[in-house]
Amino acid sequence: MKQVLVIRFSALGDVAMLAAVLKDIRMPSDVAITVLSQARFAPLFEGRNFFGADLKGRHKGIKGLNKLLQDIHFRQFDTIIDCHNVLRSRYLDFRFRLAGKKVSVMSKDRLAKWWLTCRFNHNRQPLTPMPEKYRHILNLSIT
């Protein structure tokens, strides 16, 4: 069985969108998904494997992130999908890569968001909605 870890720590709206996409997407029967997020978001992922991180307590800082890796038994996962792409999750991605795991990181298109609101941009194009980005990276990484 393929073990997949999906990381999204904060922003309630984005975590809720991820929960809806995970509920909606069709997974192969040989794939088990575990979500790593803040413990307070556990009700959003009811019925799914979930690990709640205590980012302001036990799992705070580099030492805390190393404890988090031990707590989730990180060697059991085959694929890691980073849907957050911030410093904290990048450190975890680095550690997973050192362990030889496949890591997929979602692009948040920060430059495109900046350019959309830039006063010099006179040719504004709509951006890809976040749920579509979540679906895309999940489909790419799991198949």
# chains A, B, ... in the order shown; residues from 1 in each chain; ligands from 1

call {"tool": "residues_around", "arguments": {"residues": "region 15-32 of chain A", "least_positions_apart": "6", "cutoff": "6 Å", "atoms": "only C-alpha atoms", "output": "list of chain:residue names"}}
result
A:Met1, A:Lys2, A:Gln3

call {"tool": "residues_around", "arguments": {"residues": "Leu111 (chain A)", "least_positions_apart": "6", "cutoff": "12 Å", "atoms": "only C-alpha atoms", "output": "NGL selection string"}}
result
:A and (117-118 or 127)

call {"tool": "write_last_selection", "arguments": {"atoms": "all heavy atoms", "output": "PDB file, in the first residue's frame"}}
result
ATOM      1  N   THR A 117      -1.909  42.358  -9.169  1.00  0.00           N
ATOM      2  CA  THR A 117      -2.268  43.597  -8.475  1.00  0.00           C
ATOM      3  C   THR A 117      -1.308  44.748  -8.756  1.00  0.00           C
ATOM      4  O   THR A 117      -1.498  45.844  -8.224  1.00  0.00           O
ATOM      5  CB  THR A 117      -2.298  43.357  -6.949  1.00  0.00           C
ATOM      6  OG1 THR A 117      -1.012  42.921  -6.525  1.00  0.00           O
ATOM      7  CG2 THR A 117      -3.358  42.326  -6.595  1.00  0.00           C
ATOM      8  N   CYS A 118      -0.311  44.515  -9.563  1.00  0.00           N
ATOM      9  CA  CYS A 118       0.679  45.547  -9.875  1.00  0.00           C
ATOM     10  C   CYS A 118       0.052  46.634 -10.750  1.00  0.00           C
ATOM     11  O   CYS A 118      -0.672  46.348 -11.703  1.00  0.00           O
ATOM     12  CB  CYS A 118       1.868  44.920 -10.580  1.00  0.00           C
ATOM     13  SG  CYS A 118       3.179  46.083 -10.954  1.00  0.00           S
ATOM     14  N   LEU A 127      -6.286  33.942 -12.322  1.00  0.00           N
ATOM     15  CA  LEU A 127      -5.388  32.918 -11.805  1.00  0.00           C
ATOM     16  C   LEU A 127      -6.137  31.607 -11.619  1.00  0.00           C
ATOM     17  O   LEU A 127      -7.362  31.581 -11.525  1.00  0.00           O
ATOM     18  CB  LEU A 127      -4.810  33.362 -10.461  1.00  0.00           C
ATOM     19  CG  LEU A 127      -4.004  34.652 -10.473  1.00  0.00           C
ATOM     20  CD1 LEU A 127      -3.597  35.019  -9.056  1.00  0.00           C
ATOM     21  CD2 LEU A 127      -2.793  34.526 -11.356  1.00  0.00           C
TER      22      LEU A 127
END

call {"tool": "residues_around", "arguments": {"residues": "region 73-89 of chain A", "least_positions_apart": "6", "cutoff": "8 Å", "atoms": "only C-alpha atoms", "output": "ChimeraX atom specification"}}
result
/A:2-10,65,96,99,101-108,134,137-138,141-142

call {"tool": "atom_distance", "arguments": {"atom1": "CA of Trp115 (chain A)", "atom2": "CA of Arg90 (chain A)"}}
result
24.1 Å

call {"tool": "atom_distance", "arguments": {"atom1": "CA of Gln70 (chain A)", "atom2": "CA of Thr143 (chain A)"}}
result
27.1 Å
